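Worksheet: one structure, shown below.
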Amino acid sequence: MREITVGVNDADQRLDRFLMKAFPRATTSFLQKKIRQKKIKVNGQRAEAHTFLHENDTVQIYLYEEVLLPLEKSKTFTASSIRLSYAYEGPLFSVIDKPAGMLSHPAHPRDYGKTAVDGFVTDCIASGAYIPRLENSFVPALVNRLDMQTAGLLLAAKTHAAMLLLQQGLQDGNIEKHYLAYVEGKIEREETITLPLRTENGKSIVDADGKVCVTHVKPLVSRDDFSLLAIRLETGRTHQIRAHLAATGHPLIGDRPYGAQYRTELFPHHLLLSSRLLFHNGKALALSTPFNVYSKRTEEFKALMETIAP
């Protein structure tokens with residue numbers, strides 16, 4: 001029998017989800033079967049898959065070690081060579097300032113050790129913010145993601161509680177996401193794009209039966225052949241900005257998958273920057289209210305204007 005004490009980063013989650021993280025090589029059906037068979041209990045009492053765990057609870061697993069060991073993963077981590085830039089670092093979370101060309105998460109085994117999340121975990125281990133052998137289920141993680149070629153701000157949680165707070169903040173609008181984008185053509189007026197989107201073959205397309213999407217657009221520079229836009233998202237769907245602007249006839253410069261044509265030989269990827277995060281209520285995250293985090297890449301991004309139209 002193995003007994004696991006629920007730590008601060010294991011609390012406030014369902015038993016089945018905790019077990020999936022603690023034993024990542026186990027199948028969901030295997031773990032749920034063992035819960036039904038009373039082979040897994042909480043505080044010595046029969047539990048259900050949906051039983052909510054609290055700090056200092058104990059989970060008893062009445063299985064032999066030779067059964068459990070193959071279901072675990074090694075908690076040793078290979079240090080990533082990625083050197084991240086941070087727009088904000090605090091005790092609960094950080095904001096990574098990602099360059100274009102870096103993956104947020106691995107898309108293939110060959111990407112392991114080369115992504116923003118790998119660099120973040122490595123930095124947390126180096127600083128002592130994360131000690132793998134002391135954790136049962138939690139690993140520092142990104143709360144949002146950016147496309148590989150989108151530069152700018154990524155939220156990264158150092159604790160489970162911070163991850164939940166940041167996820168809720170994005171969901172309820174207490175954390176606003178602001179972007180800068182270069183698009184083809186002239187946009188002279190502010191507008192709100194509300195076209196519904198659905199994802200198909202890795203792209204988002206306009207569909208009346210798709211998910212509700214809201215994108216606020218404000219021109220900062222408006223010329224005959226291109227515009228520089230300030231963008232605020234109310235929703236966060238896959239490729240939302242790219243799909244919405246392409247659907248209105250103004251694809252991002254360099255965004256060939258969404259129909260960009262303008263001088264694409266100069267820009268091998270789309271010109272989009274996650275430039276600012278605004279925390280309306282960050283008290284639970286030990287932030288003043290309101291609290292802004294800005295990308296250090298903003299001035300460099302704005303300077304691309306001279307490359308687009310010297």
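Residue names in the structure tokens use chain letters A, B, ... in the order shown, residue numbers from 1 in each chain, and ligand numbers from 1 in the order shown.
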
**Asked** Which parts of segment 31-271 of chain A does DSSP call strand (DSSP E) when run on the backbone here, written out as a ChimeraX atom specification?
**Response** /A:40-42,45-46,58-61,86-89,93-98,141-142,151-157,175-184,191-193,197-200,203-206,215-222,226-233

Requested write-out: C-alpha atoms of the selected residues, as a tab-separated table (two decimals), in the first residue's frame:
chain	number	residue	atom	x	y	z
A	40	ILE	CA	-8.00	3.79	-3.78
A	41	LYS	CA	-9.38	5.70	-0.80
A	42	VAL	CA	-9.16	9.21	0.63
A	45	GLN	CA	-12.71	6.29	3.42
A	46	ARG	CA	-14.32	5.11	0.21
A	58	THR	CA	-4.19	11.38	2.42
A	59	VAL	CA	-4.76	9.12	-0.58
A	60	GLN	CA	-4.33	5.41	0.15
A	61	ILE	CA	-3.55	3.17	-2.84
A	86	TYR	CA	10.58	37.72	-18.90
A	87	ALA	CA	8.32	40.77	-18.90
A	88	TYR	CA	7.32	40.01	-15.28
A	89	GLU	CA	8.54	37.61	-12.59
A	93	PHE	CA	3.65	33.32	-11.78
A	94	SER	CA	5.77	34.83	-14.53
A	95	VAL	CA	5.04	36.44	-17.90
A	96	ILE	CA	7.33	35.12	-20.63
A	97	ASP	CA	8.19	37.48	-23.50
A	98	LYS	CA	8.38	34.91	-26.29
A	141	ALA	CA	2.82	25.28	-16.80
A	142	LEU	CA	1.74	27.84	-19.37
A	151	ALA	CA	5.71	36.92	-30.44
A	152	GLY	CA	4.93	38.33	-27.01
A	153	LEU	CA	3.40	37.58	-23.66
A	154	LEU	CA	2.73	34.13	-22.21
A	155	LEU	CA	1.30	33.57	-18.73
A	156	ALA	CA	3.18	30.87	-16.82
A	157	ALA	CA	2.08	29.54	-13.40
A	175	ILE	CA	-7.13	39.62	-17.59
A	176	GLU	CA	-7.29	41.48	-20.90
A	177	LYS	CA	-5.12	40.42	-23.84
A	178	HIS	CA	-3.88	43.17	-26.16
A	179	TYR	CA	-2.03	42.72	-29.45
A	180	LEU	CA	-0.34	44.71	-32.18
A	181	ALA	CA	-0.68	43.54	-35.79
A	182	TYR	CA	0.28	44.65	-39.28
A	183	VAL	CA	-2.41	43.90	-41.85
A	184	GLU	CA	-2.81	44.33	-45.57
A	191	GLU	CA	-14.54	48.17	-35.30
A	192	THR	CA	-15.61	45.09	-33.40
A	193	ILE	CA	-15.54	41.81	-35.32
A	197	LEU	CA	-15.47	30.58	-35.97
A	198	ARG	CA	-14.90	26.85	-36.08
A	199	THR	CA	-11.62	24.96	-36.48
A	200	GLU	CA	-11.06	22.70	-39.48
A	203	LYS	CA	-7.34	26.54	-39.36
A	204	SER	CA	-10.24	28.65	-38.14
A	205	ILE	CA	-12.98	29.48	-40.60
A	206	VAL	CA	-16.12	31.60	-40.37
A	215	THR	CA	-12.20	40.95	-31.57
A	216	HIS	CA	-11.86	44.73	-31.04
A	217	VAL	CA	-9.73	46.51	-33.65
A	218	LYS	CA	-8.31	50.05	-33.54
A	219	PRO	CA	-6.04	51.48	-36.28
A	220	LEU	CA	-2.86	53.18	-35.03
A	221	VAL	CA	-1.36	53.75	-38.48
A	222	SER	CA	-3.46	53.67	-41.64
A	226	PHE	CA	-1.02	48.46	-44.85
A	227	SER	CA	-2.29	49.32	-41.37
A	228	LEU	CA	-0.88	48.88	-37.87
A	229	LEU	CA	-3.64	47.81	-35.49
A	230	ALA	CA	-4.15	47.68	-31.74
A	231	ILE	CA	-6.31	44.65	-30.97
A	232	ARG	CA	-8.13	43.52	-27.83
A	233	LEU	CA	-9.60	40.07	-27.49

**Item:** For Leu285 of chain A, the nearest of the candidates A:Asp118, A:Ser81, A:Lys158, A:Leu69, counting only C-alpha atoms
**Value:** A:Lys158

**Asked** Residues at most 12 Å from Leu134 of chain A, counting only C-alpha atoms, excluding those fewer than 2 positions away in the same chain, as a list of chain:residue names?
**Response**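 Answer for this query is A:Ile4, A:Thr5, A:Val6, A:Gly7, A:Val8, A:Asn9, A:Asp10, A:Lys75, A:Thr76, A:Ile125, A:Gly128, A:Ala129, A:Tyr130, A:Ile131, A:Pro132, A:Asn136, A:Ser137, A:Phe138, A:Val139.
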
Keeping only C-alpha atoms, write the selected residues as a short mmCIF file (atom, residue, chain, number, x, y, z; two decimals), in the first residue's frame.
data_model
loop_
_atom_site.label_atom_id
_atom_site.label_comp_id
_atom_site.auth_asym_id
_atom_site.auth_seq_id
_atom_site.Cartn_x
_atom_site.Cartn_y
_atom_site.Cartn_z
CA ILE A 4 0.28 10.06 -0.60
CA THR A 5 -0.24 13.27 1.36
CA VAL A 6 -1.98 15.97 -0.69
CA GLY A 7 0.24 19.03 -0.86
CA VAL A 8 -0.64 22.64 -1.56
CA ASN A 9 -0.14 22.15 -5.31
CA ASP A 10 -2.23 18.96 -5.33
CA LYS A 75 10.76 13.11 -12.07
CA THR A 76 14.19 13.92 -13.39
CA ILE A 125 13.98 24.36 -10.94
CA GLY A 128 14.01 26.68 -6.38
CA ALA A 129 10.43 27.67 -7.21
CA TYR A 130 9.83 24.08 -8.29
CA ILE A 131 11.38 21.00 -6.65
CA PRO A 132 10.18 17.93 -8.58
CA ASN A 136 3.01 14.61 -6.44
CA SER A 137 1.18 15.97 -9.47
CA PHE A 138 2.03 19.60 -10.28
CA VAL A 139 4.51 20.86 -12.86
#

**Asked** Where in segment 88-257 of chain A does DSSP assign alpha helix (DSSP H), given as a ChimeraX atom specification?
**Response** /A:116-127,160-172,240-247

**Prompt:** Quick one: residues within 10 Å of Leu165 of chain A, only C-alpha atoms counted, chain neighbours fewer than 4 positions away excluded, as a VMD selection string?
**Reply:** chain A and resid 143 157 160 to 161 169 to 171 282 284 to 285

Residues as selected, N, CA and C atoms, written as an mmCIF file, in the first residue's frame, can you do that?
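Contents of selection33.cif, as written:
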data_model
loop_
_atom_site.group_PDB
_atom_site.id
_atom_site.type_symbol
_atom_site.label_atom_id
_atom_site.label_comp_id
_atom_site.auth_asym_id
_atom_site.auth_seq_id
_atom_site.Cartn_x
_atom_site.Cartn_y
_atom_site.Cartn_z
ATOM 1 N N VAL A 143 -0.316 29.049 -19.041
ATOM 2 C CA VAL A 143 -1.763 29.196 -18.859
ATOM 3 C C VAL A 143 -2.438 29.533 -20.181
ATOM 4 N N ALA A 157 2.383 29.703 -14.826
ATOM 5 C CA ALA A 157 2.085 29.541 -13.404
ATOM 6 C C ALA A 157 3.154 28.722 -12.699
ATOM 7 N N HIS A 160 -0.144 25.587 -8.435
ATOM 8 C CA HIS A 160 -1.462 25.147 -8.903
ATOM 9 C C HIS A 160 -2.518 26.208 -8.644
ATOM 10 N N ALA A 161 -2.441 26.845 -7.465
ATOM 11 C CA ALA A 161 -3.418 27.884 -7.136
ATOM 12 C C ALA A 161 -3.322 29.055 -8.107
ATOM 13 N N GLY A 169 -9.127 34.235 -14.506
ATOM 14 C CA GLY A 169 -8.995 35.624 -14.934
ATOM 15 C C GLY A 169 -9.153 35.788 -16.433
ATOM 16 N N LEU A 170 -8.579 34.869 -17.209
ATOM 17 C CA LEU A 170 -8.738 34.912 -18.661
ATOM 18 C C LEU A 170 -10.174 34.618 -19.063
ATOM 19 N N GLN A 171 -10.793 33.677 -18.364
ATOM 20 C CA GLN A 171 -12.160 33.280 -18.706
ATOM 21 C C GLN A 171 -13.173 34.376 -18.416
ATOM 22 N N GLY A 282 -5.990 41.871 -9.611
ATOM 23 C CA GLY A 282 -4.902 40.931 -9.398
ATOM 24 C C GLY A 282 -4.517 40.754 -7.950
ATOM 25 N N ALA A 284 -5.448 38.694 -5.600
ATOM 26 C CA ALA A 284 -5.176 37.328 -5.185
ATOM 27 C C ALA A 284 -3.823 36.835 -5.697
ATOM 28 N N LEU A 285 -3.297 37.522 -6.723
ATOM 29 C CA LEU A 285 -1.993 37.185 -7.281
ATOM 30 C C LEU A 285 -0.901 38.116 -6.766
#

**Message:** List the spatial neighbours of Gly101 of chain A as a ChimeraX atom specification - criterion: any atom at most 8 Å away, only C-alpha atoms, same-chain residues fewer than 3 positions off excluded.
**Reply:** /A:148-151

Could you write those residues out with C-alpha atoms, as a CSV table (one decimal), in the first residue's frame?
chain,number,residue,atom,x,y,z
A,148,MET,CA,4.9,29.6,-33.0
A,149,GLN,CA,5.3,32.7,-35.1
A,150,THR,CA,3.4,35.0,-32.8
A,151,ALA,CA,5.7,36.9,-30.4

**Item:** Atomic separation - atom CA of Ala79 of chain A relative to atom CA of Met20 of chain A, Å
**Value:**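 Distance between the two atoms: 24.3 Å.
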
**Message:** With distances taken over only C-alpha atoms, which residue among A:Asp12, A:Asp147, A:Asp224, A:Glu66 lies nearest Leu53 of chain A?
**Reply:**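 Nearest candidate to Leu53 of chain A out of A:Asp12, A:Asp147, A:Asp224, A:Glu66: A:Asp12.
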
**Request:** For Gly119 of chain A, please output as a list in words all residues within 8 Å (counting only C-alpha atoms; exclusion window: fewer than 4 positions along the same chain).
**Result:** Ala79, Ser80, Ser81, Ile82, Arg83, Leu84, Gly113, Lys114, Thr115 and Asp123 of chain A

Preceding selection exported with C-alpha atoms as a compact mmCIF listing (two decimals), in the first residue's frame:
# COMPACT_ATOMS: atom_id res chain seq x y z
CA ALA A 79 17.76 21.13 -18.39
CA SER A 80 16.60 23.10 -21.43
CA SER A 81 19.07 25.28 -23.31
CA ILE A 82 16.28 27.81 -23.97
CA ARG A 83 17.03 31.23 -22.48
CA LEU A 84 13.77 33.02 -21.87
CA GLY A 113 13.69 20.86 -24.48
CA LYS A 114 13.25 23.57 -27.12
CA THR A 115 9.95 25.19 -26.15
CA ASP A 123 14.16 28.22 -14.76

**Request:** For Arg17 of chain A, work out the shell of residues within 12 Å, counting only C-alpha atoms and skipping chain neighbours fewer than 3 positions away, then give it as a list of chain:residue names.
**Result:**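 Listed by chain and then number, they are A:Asp10, A:Ala11, A:Asp12, A:Gln13, A:Arg14, A:Met20, A:Lys21, A:Ala22, A:Phe23, A:Pro24, A:Ala26, A:Thr27, A:Thr28, A:Leu31, A:Gln32, A:Glu48, A:Ala49, A:His50, A:Thr51, A:Phe52, A:Leu53, A:Asn136, A:Ser137, A:Phe138.
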
**Request:** Check the smallest atom-to-atom distance from each of A:Glu300, A:Phe30, A:Arg133, A:Ala47 to Lys73 of chain A using only C-alpha atoms, then report the winner.
**Result:**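 The shortest atom-to-atom distance to Lys73 of chain A comes from A:Arg133.
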
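Here atom CA of Asp16 of chain A is placed at a distance of 10.5 Å from atom CA of Lys34 of chain A.
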
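The residue that comes closest to Val293 of chain A, out of A:Gln261, A:Asn56, A:Ser274, A:Ser104 and on the basis of only C-alpha atoms, is A:Ser274.
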